[in-house]
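What follows is the content of structure_31.tsv, which has TSV, C-alpha atoms and all ligand atoms:
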chain	number	residue	atom	x	y	z
M	610	MET	CA	-21.11	-25.68	-68.06
M	611	SER	CA	-23.04	-28.49	-66.47
M	612	ASP	CA	-19.85	-29.30	-64.48
M	613	ILE	CA	-19.56	-25.90	-62.89
M	614	LYS	CA	-23.28	-25.76	-62.28
M	615	LYS	CA	-22.96	-29.04	-60.41
M	616	ILE	CA	-20.04	-27.72	-58.37
M	617	LYS	CA	-22.10	-24.68	-57.46
M	618	ASP	CA	-25.15	-26.70	-56.40
M	619	ASP	CA	-23.05	-29.19	-54.41
M	620	TYR	CA	-21.17	-26.51	-52.51
M	621	LEU	CA	-24.11	-24.23	-51.89
M	622	GLY	CA	-25.73	-27.32	-50.39
M	623	LYS	CA	-22.69	-28.04	-48.22
M	624	LEU	CA	-22.49	-24.41	-47.09
M	625	SER	CA	-26.07	-24.35	-45.92
M	626	CYS	CA	-25.41	-27.17	-43.42
M	627	GLU	CA	-24.18	-26.46	-39.90
M	628	LEU	CA	-20.40	-25.98	-40.10
M	629	ASN	CA	-17.56	-24.80	-37.94
M	630	LEU	CA	-14.80	-22.43	-39.01
M	631	ASP	CA	-12.36	-25.23	-39.89
M	632	GLU	CA	-14.92	-26.91	-42.11
M	633	VAL	CA	-15.65	-23.66	-43.97
M	634	ASN	CA	-11.94	-23.09	-44.47
M	635	GLN	CA	-11.65	-26.62	-45.85
M	636	ILE	CA	-14.39	-25.84	-48.38
M	637	LYS	CA	-12.60	-22.64	-49.31
M	638	ILE	CA	-9.47	-24.65	-50.13
M	639	GLU	CA	-11.46	-27.25	-52.10
M	640	LEU	CA	-12.93	-24.49	-54.29
M	641	PHE	CA	-10.32	-21.77	-54.48
M	642	GLY	CA	-7.05	-23.43	-53.44
M	643	LYS	CA	-4.23	-23.94	-55.92
M	644	ASN	CA	-5.89	-27.07	-57.27
M	645	GLY	CA	-9.39	-26.06	-56.21
M	646	LEU	CA	-12.39	-26.89	-58.38
M	647	ILE	CA	-13.05	-23.28	-59.36
M	648	SER	CA	-9.36	-22.49	-59.84
M	649	ASN	CA	-9.04	-25.48	-62.17
M	650	SER	CA	-12.14	-24.44	-64.12
M	651	PHE	CA	-10.49	-21.11	-64.84
M	652	LYS	CA	-7.45	-23.01	-66.14
M	653	GLU	CA	-9.77	-24.92	-68.54
M	654	LEU	CA	-10.98	-21.65	-70.09
M	655	GLY	CA	-8.35	-21.83	-72.86
M	656	SER	CA	-9.60	-25.23	-74.15
M	657	VAL	CA	-13.21	-24.16	-74.45
M	658	GLN	CA	-14.34	-23.55	-78.04
M	659	SER	CA	-14.11	-19.88	-78.89
M	660	GLU	CA	-17.84	-19.35	-79.52
M	661	ASP	CA	-18.69	-20.73	-76.04
M	662	ARG	CA	-15.77	-19.17	-74.20
M	663	LYS	CA	-17.36	-15.81	-73.39
M	664	LYS	CA	-20.48	-17.35	-71.86
M	665	PHE	CA	-18.45	-19.93	-69.96
M	666	ALA	CA	-16.21	-17.25	-68.52
M	667	SER	CA	-19.12	-15.10	-67.48
M	668	ASP	CA	-20.95	-18.07	-65.88
M	669	LEU	CA	-17.80	-19.14	-64.12
M	670	ASN	CA	-17.22	-15.65	-62.71
M	671	PHE	CA	-20.79	-15.46	-61.57
M	672	ILE	CA	-20.57	-18.83	-59.81
M	673	LYS	CA	-17.23	-17.89	-58.26
M	674	ASP	CA	-18.74	-14.68	-56.80
M	675	GLU	CA	-21.78	-16.48	-55.53
M	676	LEU	CA	-19.75	-19.15	-53.78
M	677	GLN	CA	-17.33	-16.62	-52.32
M	678	GLU	CA	-20.17	-14.53	-50.97
M	679	LYS	CA	-21.76	-17.60	-49.43
M	680	ILE	CA	-18.48	-18.52	-47.75
M	681	ASN	CA	-18.04	-15.00	-46.35
M	682	SER	CA	-21.51	-14.84	-44.96
M	683	LYS	CA	-21.08	-18.32	-43.47
M	684	ILE	CA	-17.90	-17.20	-41.67
M	685	GLN	CA	-19.66	-14.11	-40.38
M	686	GLU	CA	-22.56	-16.23	-39.16
M	687	ILE	CA	-20.20	-18.58	-37.27
M	688	GLU	CA	-18.42	-15.66	-35.60
M	689	ILE	CA	-21.64	-14.03	-34.51
M	690	ASN	CA	-22.90	-17.32	-33.12
M	691	GLU	CA	-19.70	-17.73	-31.17
M	692	ILE	CA	-19.98	-14.26	-29.60
M	693	ASN	CA	-23.62	-14.84	-28.73
M	694	SER	CA	-22.96	-18.15	-27.08
M	695	LYS	CA	-20.06	-16.59	-25.11
M	696	LEU	CA	-22.32	-13.79	-23.94
M	697	LYS	CA	-24.89	-16.33	-22.89
M	698	ASN	CA	-22.57	-18.66	-21.04
M	699	GLU	CA	-20.02	-16.27	-19.50
M	700	LYS	CA	-22.24	-14.21	-17.28
M	701	ILE	CA	-20.38	-12.20	-14.59
M	702	ASP	CA	-21.63	-12.95	-11.11
M	703	VAL	CA	-21.09	-9.66	-9.27
M	704	THR	CA	-22.06	-11.27	-5.97
M	705	LEU	CA	-18.98	-13.54	-5.92
M	706	PRO	CA	-16.27	-12.60	-3.34
M	707	GLU	CA	-13.24	-10.90	-4.91
M	708	ARG	CA	-10.19	-12.93	-5.76
M	709	ASP	CA	-7.26	-12.96	-3.36
M	710	ILE	CA	-4.56	-10.70	-4.80
M	711	ASN	CA	-1.08	-11.63	-3.63
M	712	GLN	CA	0.28	-8.15	-3.17
M	713	GLY	CA	3.89	-7.96	-2.00
M	714	LYS	CA	4.89	-6.13	1.16
M	715	ILE	CA	7.94	-4.07	1.96
M	716	HIS	CA	10.15	-5.79	4.53
M	717	PRO	CA	10.43	-3.82	7.80
M	718	VAL	CA	14.22	-3.59	7.35
M	719	SER	CA	13.86	-1.97	3.92
M	720	GLN	CA	11.20	0.30	5.32
M	721	VAL	CA	13.39	1.40	8.24
M	722	ILE	CA	16.40	1.97	5.93
M	723	ASP	CA	14.23	4.20	3.76
M	724	GLU	CA	12.96	6.13	6.77
M	725	ILE	CA	16.49	6.61	8.16
M	726	SER	CA	17.90	7.69	4.79
M	727	SER	CA	15.10	10.13	4.30
M	728	ILE	CA	15.53	11.70	7.75
M	729	PHE	CA	19.30	12.15	7.39
M	730	SER	CA	19.07	13.42	3.84
M	731	GLU	CA	16.91	16.22	5.18
M	732	ILE	CA	19.91	17.56	7.13
M	733	GLY	CA	22.45	17.21	4.36
M	734	PHE	CA	23.74	13.63	4.61
M	735	SER	CA	24.18	11.68	1.41
M	736	VAL	CA	24.00	7.89	1.19
M	737	GLU	CA	27.08	5.73	0.56
M	738	GLU	CA	27.41	2.00	0.12
M	739	GLY	CA	30.21	-0.50	0.61
M	740	PRO	CA	30.68	-4.21	-0.14
M	741	ASP	CA	29.62	-7.00	2.24
M	742	VAL	CA	32.89	-8.81	1.56
M	743	GLU	CA	35.59	-6.57	3.00
M	744	ASN	CA	39.31	-6.88	3.50
M	745	GLN	CA	40.74	-6.84	7.01
M	746	HIS	CA	42.49	-3.54	6.32
M	747	TYR	CA	39.31	-1.51	5.77
M	748	ASN	CA	37.35	-3.43	8.38
M	749	PHE	CA	39.98	-3.19	11.15
M	750	THR	CA	43.46	-1.75	10.50
M	751	ALA	CA	42.46	1.51	8.84
M	752	LEU	CA	39.94	1.94	11.64
M	753	ASN	CA	42.75	1.94	14.19
M	754	THR	CA	41.88	-1.55	15.43
M	755	PRO	CA	45.12	-3.26	16.42
M	756	ASP	CA	46.04	-6.82	15.50
M	757	ASN	CA	45.36	-8.14	18.96
M	758	HIS	CA	41.97	-6.48	19.37
M	759	PRO	CA	39.21	-8.90	20.49
M	760	ALA	CA	36.94	-7.66	17.65
M	761	ARG	CA	39.24	-9.51	15.24
M	762	ASP	CA	38.62	-12.76	17.06
M	763	MET	CA	37.77	-15.79	14.95
M	764	HIS	CA	34.79	-16.38	17.23
M	765	ASP	CA	33.14	-13.13	16.17
M	766	THR	CA	34.32	-12.61	12.63
M	767	PHE	CA	33.49	-14.67	9.55
M	768	TYR	CA	36.84	-14.90	7.75
M	769	LEU	CA	36.73	-16.05	4.15
M	770	ASP	CA	40.31	-17.26	3.76
M	771	ASP	CA	43.06	-18.85	5.83
M	772	LYS	CA	45.20	-15.73	5.74
M	773	LYS	CA	42.37	-13.77	7.34
M	774	GLU	CA	42.57	-11.21	4.56
M	775	LEU	CA	38.95	-11.31	3.40
M	776	LEU	CA	35.97	-11.32	5.70
M	777	LEU	CA	32.29	-10.49	5.90
M	778	ARG	CA	32.29	-6.95	7.27
M	779	THR	CA	31.55	-6.92	10.98
M	780	HIS	CA	30.23	-3.35	10.89
M	781	THR	CA	29.46	-0.59	8.40
M	782	SER	CA	32.44	1.47	9.63
M	783	PRO	CA	34.71	0.44	6.69
M	784	VAL	CA	32.46	2.59	4.49
M	785	GLN	CA	33.91	5.58	6.40
M	786	VAL	CA	37.35	4.56	5.16
M	787	ARG	CA	36.21	3.91	1.58
M	788	THR	CA	34.37	7.24	1.43
M	789	MET	CA	37.26	9.30	2.77
M	790	LEU	CA	39.79	7.58	0.50
M	791	LYS	CA	37.86	8.31	-2.65
M	792	SER	CA	37.43	12.09	-2.23
M	793	LYS	CA	38.36	15.14	-0.20
M	794	PRO	CA	36.79	16.56	2.98
M	795	PRO	CA	34.24	17.74	4.01
M	796	PHE	CA	32.33	14.46	4.35
M	797	LYS	CA	28.74	14.12	5.46
M	798	ILE	CA	27.42	10.65	4.75
M	799	ILE	CA	25.39	7.77	6.09
M	800	ALA	CA	25.97	4.18	4.98
M	801	PRO	CA	23.22	1.64	5.64
M	802	GLY	CA	23.82	-2.05	4.93
M	803	ARG	CA	24.26	-5.66	5.97
M	804	THR	CA	26.82	-6.67	8.57
M	805	TYR	CA	27.89	-10.08	9.91
M	806	ARG	CA	29.00	-11.56	13.18
M	807	SER	CA	29.10	-15.07	14.55
M	808	ASP	CA	26.21	-14.63	16.96
M	809	SER	CA	22.70	-16.03	17.15
M	810	ASP	CA	19.95	-15.73	19.77
M	811	GLN	CA	16.68	-13.85	20.24
M	812	THR	CA	18.37	-10.47	19.89
M	813	HIS	CA	21.34	-11.42	17.68
M	814	SER	CA	21.43	-12.78	14.18
M	815	PRO	CA	24.63	-13.70	12.24
M	816	MET	CA	23.52	-11.21	9.58
M	817	PHE	CA	22.11	-7.92	10.73
M	818	HIS	CA	21.96	-4.30	9.59
M	819	GLN	CA	23.69	-1.12	10.63
M	820	VAL	CA	23.77	2.44	9.47
M	821	GLU	CA	27.03	4.30	9.73
M	822	GLY	CA	27.21	8.08	10.00
M	823	LEU	CA	30.21	10.30	9.35
M	824	HIS	CA	30.53	14.07	9.43
M	825	ILE	CA	33.99	15.58	8.94
M	826	ASP	CA	34.67	19.27	8.47
M	827	LYS	CA	36.90	22.00	9.93
M	828	ASP	CA	34.94	22.71	13.11
M	829	ILE	CA	32.64	19.77	13.83
M	830	ASN	CA	32.41	18.98	17.55
M	831	MET	CA	30.53	16.72	19.93
M	832	GLY	CA	27.75	19.28	20.26
M	833	HIS	CA	26.97	18.71	16.57
M	834	LEU	CA	26.94	14.97	17.17
M	835	LYS	CA	24.49	15.35	20.01
M	836	GLY	CA	22.22	17.70	18.06
M	837	CYS	CA	22.23	15.44	15.02
M	838	LEU	CA	21.37	12.28	16.97
M	839	ASN	CA	18.72	14.08	19.01
M	840	TYR	CA	17.05	15.30	15.84
M	841	PHE	CA	17.26	11.85	14.23
M	842	ILE	CA	15.79	9.95	17.18
M	843	LYS	CA	12.88	12.37	17.54
M	844	GLU	CA	12.12	12.20	13.83
M	845	PHE	CA	12.46	8.44	13.65
M	846	PHE	CA	10.22	7.70	16.62
M	847	GLU	CA	7.91	10.56	15.71
M	848	VAL	CA	8.03	12.18	19.17
M	849	ASP	CA	8.53	15.81	20.24
M	850	LYS	CA	10.74	15.13	23.22
M	851	ILE	CA	13.37	12.54	23.84
M	852	GLN	CA	15.56	11.67	26.78
M	853	MET	CA	19.03	10.82	25.67
M	854	ARG	CA	22.24	10.11	27.55
M	855	PHE	CA	25.82	9.66	26.42
M	856	ARG	CA	27.68	6.94	28.34
M	857	PRO	CA	31.48	6.96	28.04
M	858	SER	CA	32.64	3.92	26.10
M	859	HIS	CA	35.50	2.71	23.96
M	860	PHE	CA	35.84	2.14	20.22
M	861	PRO	CA	39.28	2.03	18.59
M	862	PHE	CA	38.15	4.40	15.83
M	863	THR	CA	36.77	7.21	18.01
M	864	GLU	CA	38.15	9.34	20.82
M	865	PRO	CA	36.26	10.18	22.95
M	866	SER	CA	33.72	7.39	22.41
M	867	ALA	CA	30.23	7.05	23.76
M	868	GLU	CA	27.23	4.81	23.72
M	869	VAL	CA	23.86	6.49	23.52
M	870	ASP	CA	20.83	5.40	25.53
M	871	ILE	CA	17.32	6.69	25.10
M	872	GLY	CA	14.64	6.91	27.77
M	873	TYR	CA	11.54	4.72	27.60
M	874	GLU	CA	8.76	3.34	29.71
M	875	LEU	CA	6.56	0.29	29.52
M	876	LYS	CA	2.87	1.04	29.00
M	877	ASP	CA	0.56	-2.00	28.88
M	878	GLY	CA	3.54	-4.18	28.07
M	879	LYS	CA	4.59	-1.94	25.20
M	880	ILE	CA	7.76	0.12	24.95
M	881	VAL	CA	7.02	3.85	24.69
M	882	ILE	CA	10.06	5.84	23.54
M	883	GLY	CA	10.70	9.33	24.80
M	884	GLU	CA	9.30	9.19	28.32
M	885	GLY	CA	10.02	7.23	31.49
M	886	ASP	CA	12.95	6.30	33.63
M	887	LYS	CA	14.28	3.23	31.84
M	888	TRP	CA	17.21	3.33	29.46
M	889	LEU	CA	17.81	1.51	26.22
M	890	GLU	CA	21.13	1.41	24.38
M	891	ILE	CA	20.73	2.19	20.71
M	892	LEU	CA	24.03	3.23	19.19
M	893	GLY	CA	27.77	3.80	19.44
M	894	CYS	CA	29.46	7.03	18.46
M	895	GLY	CA	32.34	9.40	19.06
M	896	MET	CA	34.80	11.86	17.57
M	897	VAL	CA	36.75	10.22	14.76
M	898	HIS	CA	40.21	9.19	16.01
M	899	PRO	CA	43.10	11.22	14.49
M	900	ASN	CA	44.75	7.93	13.47
M	901	VAL	CA	41.74	7.05	11.30
M	902	LEU	CA	41.96	10.43	9.57
M	903	LYS	CA	45.69	9.96	9.00
M	904	ASN	CA	45.05	6.50	7.53
M	905	VAL	CA	42.85	8.03	4.85
M	906	ASN	CA	45.12	11.03	4.15
M	907	VAL	CA	43.01	13.61	5.95
M	908	ASN	CA	44.98	16.07	8.06
M	909	PRO	CA	43.70	15.77	11.68
M	910	ASP	CA	45.09	19.20	12.51
M	911	LYS	CA	42.75	20.73	9.95
M	912	TYR	CA	39.75	18.42	9.98
M	913	GLN	CA	37.75	16.70	12.67
M	914	GLY	CA	34.29	15.27	13.12
M	915	TYR	CA	32.04	12.62	14.51
M	916	ALA	CA	30.90	9.14	13.51
M	917	PHE	CA	28.16	6.85	14.73
M	918	GLY	CA	26.89	3.34	14.14
M	919	ILE	CA	23.25	2.40	14.71
M	920	GLY	CA	21.68	-1.06	14.71
M	921	ILE	CA	18.89	-0.83	12.16
M	922	ASP	CA	17.02	-4.01	13.07
M	923	ARG	CA	16.90	-2.97	16.72
M	924	LEU	CA	15.38	0.41	15.79
M	925	GLY	CA	12.77	-1.33	13.65
M	926	MET	CA	11.90	-3.74	16.43
M	927	LEU	CA	11.44	-0.85	18.85
M	928	LYS	CA	9.39	1.31	16.51
M	929	TYR	CA	7.13	-1.42	15.18
M	930	GLY	CA	6.81	-3.65	18.27
M	931	ILE	CA	8.58	-6.71	16.87
M	932	ASN	CA	10.18	-8.79	19.61
M	933	ASP	CA	12.17	-11.54	17.93
M	934	LEU	CA	15.00	-10.45	15.66
M	935	ARG	CA	15.31	-13.87	14.04
M	936	ALA	CA	11.82	-13.56	12.51
M	937	PHE	CA	13.20	-10.74	10.34
M	938	PHE	CA	15.20	-13.26	8.36
M	939	ASP	CA	13.01	-16.38	8.49
M	940	THR	CA	11.27	-15.44	5.22
M	941	ASP	CA	7.92	-16.49	6.63
M	942	TYR	CA	5.34	-15.04	4.28
M	943	ARG	CA	2.68	-14.78	7.02
M	944	TRP	CA	5.07	-12.77	9.18
M	945	LEU	CA	5.89	-10.45	6.30
M	946	ASN	CA	2.23	-10.01	5.55
M	947	HIS	CA	1.65	-8.95	9.14
M	948	PHE	CA	4.69	-6.75	9.79
M	949	GLY	CA	5.48	-5.68	6.22
M	950	PHE	CA	4.46	-2.37	4.70
M	951	ASP	CA	2.08	-1.59	1.92
M	952	PRO	CA	4.14	-0.05	-0.90
M	953	LEU	CA	1.48	2.59	-1.44
M	954	ASP	CA	1.07	3.49	2.22
M	955	VAL	CA	3.55	6.32	2.72
M	956	PRO	CA	4.60	6.91	6.35
M	957	SER	CA	4.04	10.36	7.79
M	958	ASN	CA	7.77	11.17	8.15
M	959	TYR	CA	8.65	9.90	4.69
M	960	ARG	CA	10.00	12.63	2.46
M	961	GLY	CA	10.10	11.03	-0.90
M	962	LEU	CA	13.40	9.21	-1.32
M	963	SER	CA	13.19	6.87	-4.27
M	964	ARG	CA	13.09	3.19	-3.39
S	1	LIG	N1	31.17	-0.02	14.50
S	1	LIG	C1	30.63	-0.06	15.85
S	1	LIG	C2	30.01	-1.41	16.11
S	1	LIG	O1	29.73	-2.12	15.21
S	1	LIG	C3	29.59	1.00	16.03
S	1	LIG	C4	30.18	2.36	16.00
S	1	LIG	C5	30.63	2.95	17.16
S	1	LIG	C6	30.33	3.02	14.81
S	1	LIG	C7	31.19	4.21	17.16
S	1	LIG	C8	30.89	4.29	14.79
S	1	LIG	C9	31.32	4.86	15.97
S	1	LIG	O2	31.04	4.98	13.66
S	1	LIG	O3	31.85	6.11	15.94
S	1	LIG	O4	29.79	-1.75	17.24

The structure given in the file should be rewritten as structure tokens.
Amino acid sequence: MSDIKKIKDDYLGKLSCELNLDEVNQIKIELFGKNGLISNSFKELGSVQSEDRKKFASDLNFIKDELQEKINSKIQEIEINEINSKLKNEKIDVTLPERDINQGKIHPVSQVIDEISSIFSEIGFSVEEGPDVENQHYNFTALNTPDNHPARDMHDTFYLDDKKELLLRTHTSPVQVRTMLKSKPPFKIIAPGRTYRSDSDQTHSPMFHQVEGLHIDKDINMGHLKGCLNYFIKEFFEVDKIQMRFRPSHFPFTEPSAEVDIGYELKDGKIVIGEGDKWLEILGCGMVHPNVLKNVNVNPDKYQGYAFGIGIDRLGMLKYGINDLRAFFDTDYRWLNHFGFDPLDVPSNYRGLSR
């Protein structure tokens, strides 16, 4: 009995000193662990003489409870002290300037692709995609571009093998071929994406973006092409009126072919689209050549339609006043912060296409 009384007095003494959580846990182990002092005392119970055993057991239980209670209240005390000292030391200074949040921006090219897709989807175009690595057949041959055509020139095209079979697509037009091969007419699609040519200066980059358009049905004519482009340009530049002219041109995959210019004027050094007497070339287009239709198993005596190809980066530069194309692809964070778009700031002509 005197032993357990001594244990009690010793440990109550220890527990009334200033302790941290680890020290209290250590005490807990010393008393109640597998070989703890109290645990061992319980094991001794059997060797105590029978007349003393009842009292010993009751004293031991009493001491055990008392020590356990003391330990619990000590732990509680330490936790409360910790919270109080945190509250005291970690005061929030509401006068401090807010922290800089590095919020990402949407790249102007992604923004413009979204705007274009949303405008065309409004008039029934769906969006198609094709691979950046194309074969020469889809990029040239199926598009009625003969072997000796200058567009196939090594100087312009990035070929990926010696046989000139694989290449980085030089335009989005091969998506026309892929789309028509995989289903049946009518077709009404746009295809935005990356394109590649061996070119680099202030207005050319070896990688750039185009959007292809294709509308094939039984009675689609050039009037539809004109109406569609007129609608698109007005919507894209957010103007009511637009001056537009078709200049005769040549593309192997269209007949007749045209390039489209839009009217603009310079106001305080800025390009204003829609008014004025200056012209700016923005796209190539035409009626899809019968040979192209034949190449994709569409009967040109039954079906006809138009196609167009627009330079996306150019449109973005015009709309958002960016004058060096190369900056688009320099990955300069400051530039992106300035010209990029807030993901939550929805443009007025945006109609809710998912990003
Ligand atoms: N693929 C042409 C280019 O990259 C642009 C183009 C012109 C696309 C006329 C067309 C088209 O679909 O009909 O210069």

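Between CA of Val718 in chain M and CA of Phe937 in chain M the separation is 7.8 Å.
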
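Counting from atom N1 of ligand LIG 1 (chain S), the distance to CA of Thr754 in chain M is 10.9 Å.
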
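With all atoms listed in the file as the atoms that count, the residue of M:Pro706, M:Gly930, M:Gly885, M:Pro861 with the shortest distance to ligand LIG 1 (chain S) is M:Pro861.
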
* Top pick for closest residue to His947 in chain M, considering M:Ile689, M:Asn644, M:Gly713, M:Lys903 and counting only C-alpha atoms -> M:Gly713

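Counting all atoms listed in the file, the residue from M:Lys773, M:Lys652, M:Lys614, M:Arg778 that sits nearest to ligand LIG 1 (chain S) is M:Arg778.
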
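With only C-alpha atoms as the atoms that count, the residue of M:Glu864, M:Glu774, M:Asp828, M:Glu678 with the shortest distance to Pro794 in chain M is M:Asp828.
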
Pull the closest atom pair for each residue of chain M that gets at most 10 Å from ligand LIG 1 (chain S), along with the distance in Å to one decimal, counting all atoms listed in the file, ordering rows by chain and then ascending residue number, as JSON lines.
{"residue": "M:Asn748", "atom": "CA", "partner": "S:LIG1", "partner_atom": "N1", "distance": 9.3}
{"residue": "M:Phe749", "atom": "CA", "partner": "S:LIG1", "partner_atom": "N1", "distance": 9.9}
{"residue": "M:Leu752", "atom": "CA", "partner": "S:LIG1", "partner_atom": "N1", "distance": 9.4}
{"residue": "M:Ala760", "atom": "CA", "partner": "S:LIG1", "partner_atom": "O4", "distance": 9.3}
{"residue": "M:Arg778", "atom": "CA", "partner": "S:LIG1", "partner_atom": "O1", "distance": 9.6}
{"residue": "M:Thr779", "atom": "CA", "partner": "S:LIG1", "partner_atom": "O1", "distance": 6.7}
{"residue": "M:His780", "atom": "CA", "partner": "S:LIG1", "partner_atom": "O1", "distance": 4.5}
{"residue": "M:Thr781", "atom": "CA", "partner": "S:LIG1", "partner_atom": "N1", "distance": 6.4}
{"residue": "M:Ser782", "atom": "CA", "partner": "S:LIG1", "partner_atom": "N1", "distance": 5.2}
{"residue": "M:Pro783", "atom": "CA", "partner": "S:LIG1", "partner_atom": "N1", "distance": 8.6}
{"residue": "M:Val784", "atom": "CA", "partner": "S:LIG1", "partner_atom": "O2", "distance": 9.6}
{"residue": "M:Gln785", "atom": "CA", "partner": "S:LIG1", "partner_atom": "O2", "distance": 7.8}
{"residue": "M:Ile799", "atom": "CA", "partner": "S:LIG1", "partner_atom": "O2", "distance": 9.8}
{"residue": "M:Thr804", "atom": "CA", "partner": "S:LIG1", "partner_atom": "O1", "distance": 8.6}
{"residue": "M:Tyr805", "atom": "CA", "partner": "S:LIG1", "partner_atom": "O1", "distance": 9.7}
{"residue": "M:Arg806", "atom": "CA", "partner": "S:LIG1", "partner_atom": "O1", "distance": 9.7}
{"residue": "M:His818", "atom": "CA", "partner": "S:LIG1", "partner_atom": "O1", "distance": 9.8}
{"residue": "M:Gln819", "atom": "CA", "partner": "S:LIG1", "partner_atom": "O1", "distance": 7.6}
{"residue": "M:Val820", "atom": "CA", "partner": "S:LIG1", "partner_atom": "C6", "distance": 8.5}
{"residue": "M:Glu821", "atom": "CA", "partner": "S:LIG1", "partner_atom": "O2", "distance": 5.7}
{"residue": "M:Gly822", "atom": "CA", "partner": "S:LIG1", "partner_atom": "O2", "distance": 6.1}
{"residue": "M:Leu823", "atom": "CA", "partner": "S:LIG1", "partner_atom": "O2", "distance": 6.9}
{"residue": "M:Ser858", "atom": "CA", "partner": "S:LIG1", "partner_atom": "C7", "distance": 9.1}
{"residue": "M:His859", "atom": "CA", "partner": "S:LIG1", "partner_atom": "C7", "distance": 8.2}
{"residue": "M:Phe860", "atom": "CA", "partner": "S:LIG1", "partner_atom": "C7", "distance": 5.9}
{"residue": "M:Pro861", "atom": "CA", "partner": "S:LIG1", "partner_atom": "C7", "distance": 8.5}
{"residue": "M:Phe862", "atom": "CA", "partner": "S:LIG1", "partner_atom": "O3", "distance": 6.5}
{"residue": "M:Thr863", "atom": "CA", "partner": "S:LIG1", "partner_atom": "O3", "distance": 5.4}
{"residue": "M:Glu864", "atom": "CA", "partner": "S:LIG1", "partner_atom": "O3", "distance": 8.6}
{"residue": "M:Pro865", "atom": "CA", "partner": "S:LIG1", "partner_atom": "O3", "distance": 9.2}
{"residue": "M:Ser866", "atom": "CA", "partner": "S:LIG1", "partner_atom": "C7", "distance": 6.6}
{"residue": "M:Ala867", "atom": "CA", "partner": "S:LIG1", "partner_atom": "C7", "distance": 7.2}
{"residue": "M:Glu868", "atom": "CA", "partner": "S:LIG1", "partner_atom": "C5", "distance": 7.6}
{"residue": "M:Val869", "atom": "CA", "partner": "S:LIG1", "partner_atom": "C5", "distance": 9.9}
{"residue": "M:Leu892", "atom": "CA", "partner": "S:LIG1", "partner_atom": "C3", "distance": 6.8}
{"residue": "M:Gly893", "atom": "CA", "partner": "S:LIG1", "partner_atom": "C5", "distance": 3.8}
{"residue": "M:Cys894", "atom": "CA", "partner": "S:LIG1", "partner_atom": "C7", "distance": 3.6}
{"residue": "M:Gly895", "atom": "CA", "partner": "S:LIG1", "partner_atom": "O3", "distance": 4.6}
{"residue": "M:Met896", "atom": "CA", "partner": "S:LIG1", "partner_atom": "O3", "distance": 6.7}
{"residue": "M:Val897", "atom": "CA", "partner": "S:LIG1", "partner_atom": "O3", "distance": 6.5}
{"residue": "M:His898", "atom": "CA", "partner": "S:LIG1", "partner_atom": "O3", "distance": 8.9}
{"residue": "M:Gly914", "atom": "CA", "partner": "S:LIG1", "partner_atom": "O3", "distance": 9.9}
{"residue": "M:Tyr915", "atom": "CA", "partner": "S:LIG1", "partner_atom": "O3", "distance": 6.7}
{"residue": "M:Ala916", "atom": "CA", "partner": "S:LIG1", "partner_atom": "O3", "distance": 4.0}
{"residue": "M:Phe917", "atom": "CA", "partner": "S:LIG1", "partner_atom": "O2", "distance": 3.6}
{"residue": "M:Gly918", "atom": "CA", "partner": "S:LIG1", "partner_atom": "C6", "distance": 3.5}
{"residue": "M:Ile919", "atom": "CA", "partner": "S:LIG1", "partner_atom": "C3", "distance": 6.6}
{"residue": "M:Gly920", "atom": "CA", "partner": "S:LIG1", "partner_atom": "O1", "distance": 8.1}

Produce a file of the selected residues containing C-alpha atoms, as a short mmCIF file (atom, residue, chain, number, x, y, z; two decimals), in the coordinates of the input.
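Wrote it out as out_36.cif, contents follow:
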data_model
loop_
_atom_site.label_atom_id
_atom_site.label_comp_id
_atom_site.auth_asym_id
_atom_site.auth_seq_id
_atom_site.Cartn_x
_atom_site.Cartn_y
_atom_site.Cartn_z
CA ASN M 748 37.35 -3.43 8.38
CA PHE M 749 39.98 -3.19 11.15
CA LEU M 752 39.94 1.94 11.64
CA ALA M 760 36.94 -7.66 17.65
CA ARG M 778 32.29 -6.95 7.27
CA THR M 779 31.55 -6.92 10.98
CA HIS M 780 30.23 -3.35 10.89
CA THR M 781 29.46 -0.59 8.40
CA SER M 782 32.44 1.47 9.63
CA PRO M 783 34.71 0.44 6.69
CA VAL M 784 32.46 2.59 4.49
CA GLN M 785 33.91 5.58 6.40
CA ILE M 799 25.39 7.77 6.09
CA THR M 804 26.82 -6.67 8.57
CA TYR M 805 27.89 -10.08 9.91
CA ARG M 806 29.00 -11.56 13.18
CA HIS M 818 21.96 -4.30 9.59
CA GLN M 819 23.69 -1.12 10.63
CA VAL M 820 23.77 2.44 9.47
CA GLU M 821 27.03 4.30 9.73
CA GLY M 822 27.21 8.08 10.00
CA LEU M 823 30.21 10.30 9.35
CA SER M 858 32.64 3.92 26.10
CA HIS M 859 35.50 2.71 23.96
CA PHE M 860 35.84 2.14 20.22
CA PRO M 861 39.28 2.03 18.59
CA PHE M 862 38.15 4.40 15.83
CA THR M 863 36.77 7.21 18.01
CA GLU M 864 38.15 9.34 20.82
CA PRO M 865 36.26 10.18 22.95
CA SER M 866 33.72 7.39 22.41
CA ALA M 867 30.23 7.05 23.76
CA GLU M 868 27.23 4.81 23.72
CA VAL M 869 23.86 6.49 23.52
CA LEU M 892 24.03 3.23 19.19
CA GLY M 893 27.77 3.80 19.44
CA CYS M 894 29.46 7.03 18.46
CA GLY M 895 32.34 9.40 19.06
CA MET M 896 34.80 11.86 17.57
CA VAL M 897 36.75 10.22 14.76
CA HIS M 898 40.21 9.19 16.01
CA GLY M 914 34.29 15.27 13.12
CA TYR M 915 32.04 12.62 14.51
CA ALA M 916 30.90 9.14 13.51
CA PHE M 917 28.16 6.85 14.73
CA GLY M 918 26.89 3.34 14.14
CA ILE M 919 23.25 2.40 14.71
CA GLY M 920 21.68 -1.06 14.71
#
